[in-house]
>>> print(open('start-v3.cif').read())   # mmCIF, C-alpha atoms
data_upload
loop_
_atom_site.group_PDB
_atom_site.id
_atom_site.type_symbol
_atom_site.label_atom_id
_atom_site.label_comp_id
_atom_site.auth_asym_id
_atom_site.auth_seq_id
_atom_site.Cartn_x
_atom_site.Cartn_y
_atom_site.Cartn_z
ATOM 1 C CA MET A 79 -37.781 -38.722 208.901
ATOM 2 C CA THR A 80 -35.621 -39.142 211.969
ATOM 3 C CA MET A 81 -32.568 -40.334 210.031
ATOM 4 C CA ASN A 82 -29.902 -38.272 208.339
ATOM 5 C CA VAL A 83 -31.219 -38.847 204.823
ATOM 6 C CA GLU A 84 -28.055 -38.125 202.864
ATOM 7 C CA HIS A 85 -25.928 -40.221 205.202
ATOM 8 C CA ALA A 86 -28.414 -43.105 204.915
ATOM 9 C CA ARG A 87 -28.486 -42.807 201.120
ATOM 10 C CA HIS A 88 -24.677 -42.849 200.941
ATOM 11 C CA ALA A 89 -24.554 -45.877 203.251
ATOM 12 C CA MET A 90 -27.122 -47.698 201.089
ATOM 13 C CA ILE A 91 -24.945 -47.240 198.007
ATOM 14 C CA GLU A 92 -21.584 -47.948 199.630
ATOM 15 C CA GLN A 93 -22.533 -50.715 202.089
ATOM 16 C CA GLN A 94 -25.323 -52.526 200.254
ATOM 17 C CA VAL A 95 -25.302 -51.813 196.530
ATOM 18 C CA ARG A 96 -21.621 -51.624 195.584
ATOM 19 C CA PRO A 97 -20.613 -54.766 197.535
ATOM 20 C CA TRP A 98 -23.132 -56.775 195.494
ATOM 21 C CA ASP A 99 -21.003 -56.284 192.358
ATOM 22 C CA ILE A 100 -22.975 -53.268 191.158
ATOM 23 C CA VAL A 101 -20.223 -51.174 189.593
ATOM 24 C CA ASP A 102 -21.972 -49.371 186.715
ATOM 25 C CA LEU A 103 -21.362 -45.716 187.519
ATOM 26 C CA GLN A 104 -24.518 -44.544 185.725
ATOM 27 C CA VAL A 105 -26.658 -46.956 187.738
ATOM 28 C CA LEU A 106 -25.046 -45.858 190.986
ATOM 29 C CA ALA A 107 -25.552 -42.210 190.046
ATOM 30 C CA ALA A 108 -29.236 -42.793 189.241
ATOM 31 C CA MET A 109 -29.850 -44.588 192.533
ATOM 32 C CA SER A 110 -28.084 -41.781 194.375
ATOM 33 C CA ALA A 111 -29.994 -39.024 192.589
ATOM 34 C CA VAL A 112 -33.551 -40.396 192.850
ATOM 35 C CA PRO A 113 -34.882 -39.650 196.372
ATOM 36 C CA ARG A 114 -35.888 -43.169 197.411
ATOM 37 C CA GLU A 115 -37.452 -41.874 200.621
ATOM 38 C CA ASN A 116 -40.152 -40.120 198.573
ATOM 39 C CA PHE A 117 -41.261 -43.417 197.015
ATOM 40 C CA VAL A 118 -41.717 -45.356 200.265
ATOM 41 C CA PRO A 119 -45.095 -45.514 202.075
ATOM 42 C CA ALA A 120 -45.131 -43.120 205.026
ATOM 43 C CA ALA A 121 -45.357 -45.931 207.578
ATOM 44 C CA TYR A 122 -42.044 -47.378 206.356
ATOM 45 C CA ARG A 123 -40.137 -44.204 205.575
ATOM 46 C CA ASP A 124 -37.564 -44.803 208.299
ATOM 47 C CA LEU A 125 -36.708 -48.029 206.430
ATOM 48 C CA ALA A 126 -36.338 -46.353 203.035
ATOM 49 C CA PHE A 127 -32.641 -47.264 202.781
ATOM 50 C CA ALA A 128 -32.734 -50.583 204.654
ATOM 51 C CA ASP A 129 -31.667 -53.890 203.112
ATOM 52 C CA THR A 130 -35.213 -55.201 202.982
ATOM 53 C CA ALA A 131 -38.257 -55.345 200.719
ATOM 54 C CA LEU A 132 -41.033 -52.955 201.767
ATOM 55 C CA PRO A 133 -44.808 -53.463 201.359
ATOM 56 C CA ILE A 134 -46.486 -50.908 199.095
ATOM 57 C CA GLY A 135 -50.045 -52.271 198.954
ATOM 58 C CA HIS A 136 -52.017 -54.813 196.907
ATOM 59 C CA GLY A 137 -49.695 -57.542 198.200
ATOM 60 C CA GLU A 138 -46.784 -55.966 196.291
ATOM 61 C CA THR A 139 -43.377 -54.967 197.615
ATOM 62 C CA MET A 140 -40.653 -52.486 196.783
ATOM 63 C CA PHE A 141 -37.431 -54.304 195.880
ATOM 64 C CA LYS A 142 -34.408 -54.298 198.151
ATOM 65 C CA PRO A 143 -31.870 -51.699 196.944
ATOM 66 C CA VAL A 144 -29.429 -54.436 195.918
ATOM 67 C CA LEU A 145 -32.032 -56.101 193.712
ATOM 68 C CA GLU A 146 -32.897 -52.762 192.117
ATOM 69 C CA GLY A 147 -29.218 -52.160 191.381
ATOM 70 C CA ARG A 148 -28.628 -55.597 189.904
ATOM 71 C CA MET A 149 -31.662 -55.238 187.638
ATOM 72 C CA LEU A 150 -30.639 -51.802 186.389
ATOM 73 C CA GLN A 151 -27.071 -52.958 185.761
ATOM 74 C CA ALA A 152 -28.132 -56.147 183.957
ATOM 75 C CA LEU A 153 -30.179 -54.163 181.430
ATOM 76 C CA LYS A 154 -27.074 -52.238 180.225
ATOM 77 C CA LEU A 155 -29.176 -49.194 179.400
ATOM 78 C CA GLN A 156 -28.008 -46.643 176.851
ATOM 79 C CA ALA A 157 -29.107 -43.013 176.624
ATOM 80 C CA ASN A 158 -31.070 -43.606 173.387
ATOM 81 C CA ASP A 159 -32.872 -46.758 174.560
ATOM 82 C CA GLU A 160 -36.640 -47.164 174.504
ATOM 83 C CA VAL A 161 -37.618 -49.142 177.593
ATOM 84 C CA LEU A 162 -40.674 -50.924 178.995
ATOM 85 C CA GLU A 163 -41.289 -51.456 182.701
ATOM 86 C CA VAL A 164 -43.801 -54.117 183.707
ATOM 87 C CA GLY A 165 -44.995 -53.245 187.202
ATOM 88 C CA THR A 166 -44.783 -49.553 188.105
ATOM 89 C CA GLY A 167 -45.261 -50.082 191.822
ATOM 90 C CA SER A 168 -44.078 -47.125 193.893
ATOM 91 C CA GLY A 169 -42.351 -45.571 190.876
ATOM 92 C CA TYR A 170 -38.806 -45.661 192.265
ATOM 93 C CA ILE A 171 -37.470 -48.044 189.635
ATOM 94 C CA THR A 172 -39.539 -46.128 187.068
ATOM 95 C CA ALA A 173 -37.647 -42.956 187.997
ATOM 96 C CA CYS A 174 -34.266 -44.684 187.840
ATOM 97 C CA LEU A 175 -35.062 -46.188 184.439
ATOM 98 C CA ALA A 176 -36.366 -42.869 183.112
ATOM 99 C CA SER A 177 -33.133 -41.141 184.111
ATOM 100 C CA LEU A 178 -31.082 -43.723 182.201
ATOM 101 C CA CYS A 179 -32.967 -43.959 178.877
ATOM 102 C CA ARG A 180 -34.579 -41.873 176.143
ATOM 103 C CA SER A 181 -38.163 -42.974 176.715
ATOM 104 C CA LEU A 182 -40.038 -45.316 179.028
ATOM 105 C CA VAL A 183 -43.429 -46.996 178.971
ATOM 106 C CA THR A 184 -44.532 -48.282 182.383
ATOM 107 C CA VAL A 185 -47.588 -50.469 182.917
ATOM 108 C CA ASP A 186 -49.331 -51.474 186.133
ATOM 109 C CA LEU A 187 -52.626 -53.118 187.013
ATOM 110 C CA HIS A 188 -53.379 -50.732 189.895
ATOM 111 C CA ALA A 189 -54.665 -47.203 189.269
ATOM 112 C CA ASP A 190 -53.378 -45.872 192.606
ATOM 113 C CA PHE A 191 -49.837 -47.057 191.819
ATOM 114 C CA ILE A 192 -49.974 -45.264 188.458
ATOM 115 C CA ALA A 193 -51.351 -42.063 190.006
ATOM 116 C CA GLY A 194 -48.749 -41.999 192.781
ATOM 117 C CA ALA A 195 -45.845 -42.680 190.430
ATOM 118 C CA LYS A 196 -47.013 -39.969 188.006
ATOM 119 C CA GLU A 197 -47.009 -37.415 190.808
ATOM 120 C CA ARG A 198 -43.584 -38.424 192.126
ATOM 121 C CA LEU A 199 -41.939 -38.401 188.698
ATOM 122 C CA ALA A 200 -43.498 -35.058 187.820
ATOM 123 C CA ALA A 201 -41.926 -33.626 190.961
ATOM 124 C CA LEU A 202 -38.537 -34.780 189.634
ATOM 125 C CA ASP A 203 -39.224 -33.276 186.185
ATOM 126 C CA LEU A 204 -38.965 -36.699 184.535
ATOM 127 C CA ASN A 205 -41.165 -36.209 181.482
ATOM 128 C CA ASN A 206 -40.080 -39.071 179.220
ATOM 129 C CA VAL A 207 -42.511 -41.629 180.668
ATOM 130 C CA ARG A 208 -45.816 -42.942 179.319
ATOM 131 C CA PHE A 209 -48.016 -44.477 182.023
ATOM 132 C CA GLU A 210 -50.465 -47.266 181.204
ATOM 133 C CA GLN A 211 -52.959 -48.906 183.543
ATOM 134 C CA ALA A 212 -53.402 -52.425 182.209
ATOM 135 C CA ASP A 213 -52.904 -56.124 182.838
ATOM 136 C CA ALA A 214 -49.392 -56.671 181.489
ATOM 137 C CA LEU A 215 -50.277 -60.215 180.433
ATOM 138 C CA ALA A 216 -52.948 -58.831 178.073
ATOM 139 C CA PHE A 217 -51.188 -55.575 177.181
ATOM 140 C CA ASP A 218 -50.265 -54.421 173.682
ATOM 141 C CA PRO A 219 -47.615 -51.691 173.860
ATOM 142 C CA GLY A 220 -47.756 -51.125 170.104
ATOM 143 C CA GLN A 221 -43.977 -51.234 169.700
ATOM 144 C CA GLN A 222 -40.804 -53.141 170.509
ATOM 145 C CA PHE A 223 -38.174 -52.082 173.027
ATOM 146 C CA ASP A 224 -34.432 -52.072 173.599
ATOM 147 C CA ALA A 225 -34.906 -53.206 177.200
ATOM 148 C CA ILE A 226 -37.702 -54.531 179.411
ATOM 149 C CA ALA A 227 -37.674 -54.558 183.211
ATOM 150 C CA VAL A 228 -40.209 -56.847 184.923
ATOM 151 C CA THR A 229 -40.658 -56.088 188.617
ATOM 152 C CA GLY A 230 -42.820 -59.086 189.512
ATOM 153 C CA ALA A 231 -42.038 -62.777 189.235
ATOM 154 C CA VAL A 232 -43.451 -65.195 186.659
ATOM 155 C CA THR A 233 -43.602 -68.957 186.687
ATOM 156 C CA ASP A 234 -42.593 -69.021 183.033
ATOM 157 C CA VAL A 235 -41.574 -66.119 180.798
ATOM 158 C CA PRO A 236 -44.632 -65.016 178.768
ATOM 159 C CA PRO A 237 -43.970 -65.279 175.001
ATOM 160 C CA SER A 238 -45.441 -61.786 174.527
ATOM 161 C CA PHE A 239 -42.649 -60.299 176.648
ATOM 162 C CA LEU A 240 -40.076 -61.877 174.345
ATOM 163 C CA ASN A 241 -41.899 -60.602 171.264
ATOM 164 C CA TRP A 242 -41.660 -57.044 172.595
ATOM 165 C CA LEU A 243 -37.850 -57.114 172.369
ATOM 166 C CA ARG A 244 -35.973 -55.698 169.402
ATOM 167 C CA PRO A 245 -32.904 -57.588 168.100
ATOM 168 C CA GLY A 246 -30.224 -57.009 170.693
ATOM 169 C CA GLY A 247 -32.848 -56.113 173.301
ATOM 170 C CA ARG A 248 -32.528 -57.220 176.918
ATOM 171 C CA LEU A 249 -35.225 -58.538 179.245
ATOM 172 C CA PHE A 250 -34.702 -58.690 183.021
ATOM 173 C CA ILE A 251 -37.173 -61.059 184.660
ATOM 174 C CA ILE A 252 -37.461 -63.271 187.738
ATOM 175 C CA ARG A 253 -38.892 -66.688 186.966
ATOM 176 C CA GLY A 254 -39.599 -70.024 188.594
ATOM 177 C CA GLN A 255 -41.190 -71.453 191.698
ATOM 178 C CA SER A 256 -41.185 -69.611 195.020
ATOM 179 C CA PRO A 257 -39.262 -69.693 197.335
ATOM 180 C CA VAL A 258 -36.360 -70.288 194.937
ATOM 181 C CA GLN A 259 -36.781 -68.077 191.882
ATOM 182 C CA GLU A 260 -34.083 -67.197 189.350
ATOM 183 C CA ALA A 261 -33.320 -63.702 188.094
ATOM 184 C CA VAL A 262 -32.203 -63.812 184.465
ATOM 185 C CA CYS A 263 -31.381 -61.438 181.645
ATOM 186 C CA LEU A 264 -32.506 -62.628 178.209
ATOM 187 C CA THR A 265 -30.931 -61.023 175.132
ATOM 188 C CA ARG A 266 -32.567 -61.345 171.714
ATOM 189 C CA THR A 267 -30.166 -62.560 169.026
ATOM 190 C CA ALA A 268 -30.529 -63.582 165.401
ATOM 191 C CA GLN A 269 -30.697 -67.202 166.579
ATOM 192 C CA GLY A 270 -33.131 -66.718 169.455
ATOM 193 C CA PHE A 271 -32.384 -65.698 173.034
ATOM 194 C CA ASP A 272 -29.229 -65.856 175.122
ATOM 195 C CA THR A 273 -29.885 -66.404 178.822
ATOM 196 C CA GLU A 274 -27.691 -65.023 181.587
ATOM 197 C CA SER A 275 -28.469 -66.414 185.038
ATOM 198 C CA LEU A 276 -27.906 -63.664 187.618
ATOM 199 C CA PHE A 277 -28.955 -64.758 191.115
ATOM 200 C CA GLU A 278 -31.657 -66.480 193.168
ATOM 201 C CA THR A 279 -34.349 -64.530 195.004
ATOM 202 C CA ASP A 280 -38.002 -64.680 196.037
ATOM 203 C CA ILE A 281 -40.494 -61.905 195.194
ATOM 204 C CA PRO A 282 -44.281 -61.693 194.682
ATOM 205 C CA TYR A 283 -45.681 -62.870 191.354
ATOM 206 C CA LEU A 284 -47.300 -60.703 188.737
ATOM 207 C CA VAL A 285 -51.064 -61.142 188.929
ATOM 208 C CA GLY A 286 -51.903 -64.075 186.658
ATOM 209 C CA ALA A 287 -48.292 -65.302 186.401
ATOM 210 C CA GLN A 288 -48.179 -67.375 189.580
ATOM 211 C CA PRO A 289 -47.948 -71.183 189.531
ATOM 212 C CA VAL A 290 -51.160 -73.032 188.761
ATOM 213 C CA ASP A 291 -52.282 -75.373 191.541
ATOM 214 C CA ARG A 292 -52.550 -78.957 190.348
ATOM 215 C CA PHE A 293 -54.688 -81.398 192.250
ATOM 216 C CA SER A 294 -54.636 -85.159 191.860
ATOM 217 C CA LEU A 295 -57.187 -87.679 193.056
#
>>> encode(input="start-v3.cif", output="structure tokens")
Amino acid sequence: MTMNVEHARHAMIEQQVRPWDIVDLQVLAAMSAVPRENFVPAAYRDLAFADTALPIGHGETMFKPVLEGRMLQALKLQANDEVLEVGTGSGYITACLASLCRSLVTVDLHADFIAGAKERLAALDLNNVRFEQADALAFDPGQQFDAIAVTGAVTDVPPSFLNWLRPGGRLFIIRGQSPVQEAVCLTRTAQGFDTESLFETDIPYLVGAQPVDRFSL
């Protein structure tokens, strides 16, 4: 890389992430500690700390740093939490989540994403992650979770995702119709689910979760 990596990382945190109301010190520490540059495709490595989404293949993108920070903060992760990530992607968010919780299950449709993320997390000695190659919309994790992070958009929240939450569990998900999607955090309560609206954005859909085209004659 031609940039000063540590200077660029510090600038990402101080000039992008913090100003977007990301104040959780554990989240900031995780984003500072995980070497984001190692999770970016080689062709885009000079943009590893830029305020932009980066393509990673299969029509998927790596979140902007500010979106990653807001997601991690919204989940309010605790050290003993069991967490599910839907959409492994490059593995950067996987690494951040793994450093903030007790155990993590991450699922992705693409074998090359899983293989690359496994290698990168092993290099960081993050050994509390179970990797699954599967279609998340047909996946059975075999357990419930304290928190779920979904890194692709959905038109509507799949009921299975809600069923995977324990009482008190939190689900971060981006829902709605592109180009104006809504990031929300859903918390399971005794009465149902509390919804916290976080911000508007526009990201690629999970495969199979995009809007259905409707034609009329």
>>> atom_distance(input="start-v3.cif", atom1="CA of Thr184 in chain A", atom2="CA of Asp272 in chain A")
24.4 Å
>>> residues_around(input="start-v3.cif", residues="Asp190 in chain A", least_positions_apart="5", cutoff="12 Å", atoms="all atoms listed in the file", output="PyMOL selection string")
chain A and resi 134-136+166-169+195-197+209-211
>>> write_last_selection(input="start-v3.cif", atoms="C-alpha atoms", output="CSV table (one decimal), in the coordinates of the input")
chain,number,residue,atom,x,y,z
A,134,ILE,CA,-46.5,-50.9,199.1
A,135,GLY,CA,-50.0,-52.3,199.0
A,136,HIS,CA,-52.0,-54.8,196.9
A,166,THR,CA,-44.8,-49.6,188.1
A,167,GLY,CA,-45.3,-50.1,191.8
A,168,SER,CA,-44.1,-47.1,193.9
A,169,GLY,CA,-42.4,-45.6,190.9
A,195,ALA,CA,-45.8,-42.7,190.4
A,196,LYS,CA,-47.0,-40.0,188.0
A,197,GLU,CA,-47.0,-37.4,190.8
A,209,PHE,CA,-48.0,-44.5,182.0
A,210,GLU,CA,-50.5,-47.3,181.2
A,211,GLN,CA,-53.0,-48.9,183.5
>>> axis_aligned_box(input="start-v3.cif", around="range 156-163 of chain A", padding_each_side="8 Å", output="AutoDock Vina command-line options")
--center_x -34.6 --center_y -47.2 --center_z 178.0 --size_x 29.3 --size_y 24.4 --size_z 25.3
>>> resolve_selection(input="start-v3.cif", expression="the PyMOL selection byres ((chain A and resi 228) around 7)", output="PyMOL selection string")
chain A and resi 163-165+226-227+229-230+250-251
>>> write_last_selection(input="start-v3.cif", atoms="C-alpha atoms", output="PDB file, in the coordinates of the input")
ATOM      1  CA  GLU A 163     -41.289 -51.456 182.701  1.00  0.00           C
ATOM      2  CA  VAL A 164     -43.801 -54.117 183.707  1.00  0.00           C
ATOM      3  CA  GLY A 165     -44.995 -53.245 187.202  1.00  0.00           C
ATOM      4  CA  ILE A 226     -37.702 -54.531 179.411  1.00  0.00           C
ATOM      5  CA  ALA A 227     -37.674 -54.558 183.211  1.00  0.00           C
ATOM      6  CA  THR A 229     -40.658 -56.088 188.617  1.00  0.00           C
ATOM      7  CA  GLY A 230     -42.820 -59.086 189.512  1.00  0.00           C
ATOM      8  CA  PHE A 250     -34.702 -58.690 183.021  1.00  0.00           C
ATOM      9  CA  ILE A 251     -37.173 -61.059 184.660  1.00  0.00           C
TER      10      ILE A 251
END
>>> resolve_selection(input="start-v3.cif", expression="the PyMOL selection byres ((chain A and resi 219) around 12)", output="ChimeraX atom specification")
/A:160-164,182-185,208-218,220-223,226,238-239,241-243
>>> resolve_selection(input="start-v3.cif", expression="the PyMOL selection byres ((chain A and resi 125) around 12)", output="VMD selection string")
chain A and resid 79 to 81 83 86 to 87 90 114 to 124 126 to 133 140 142 to 143
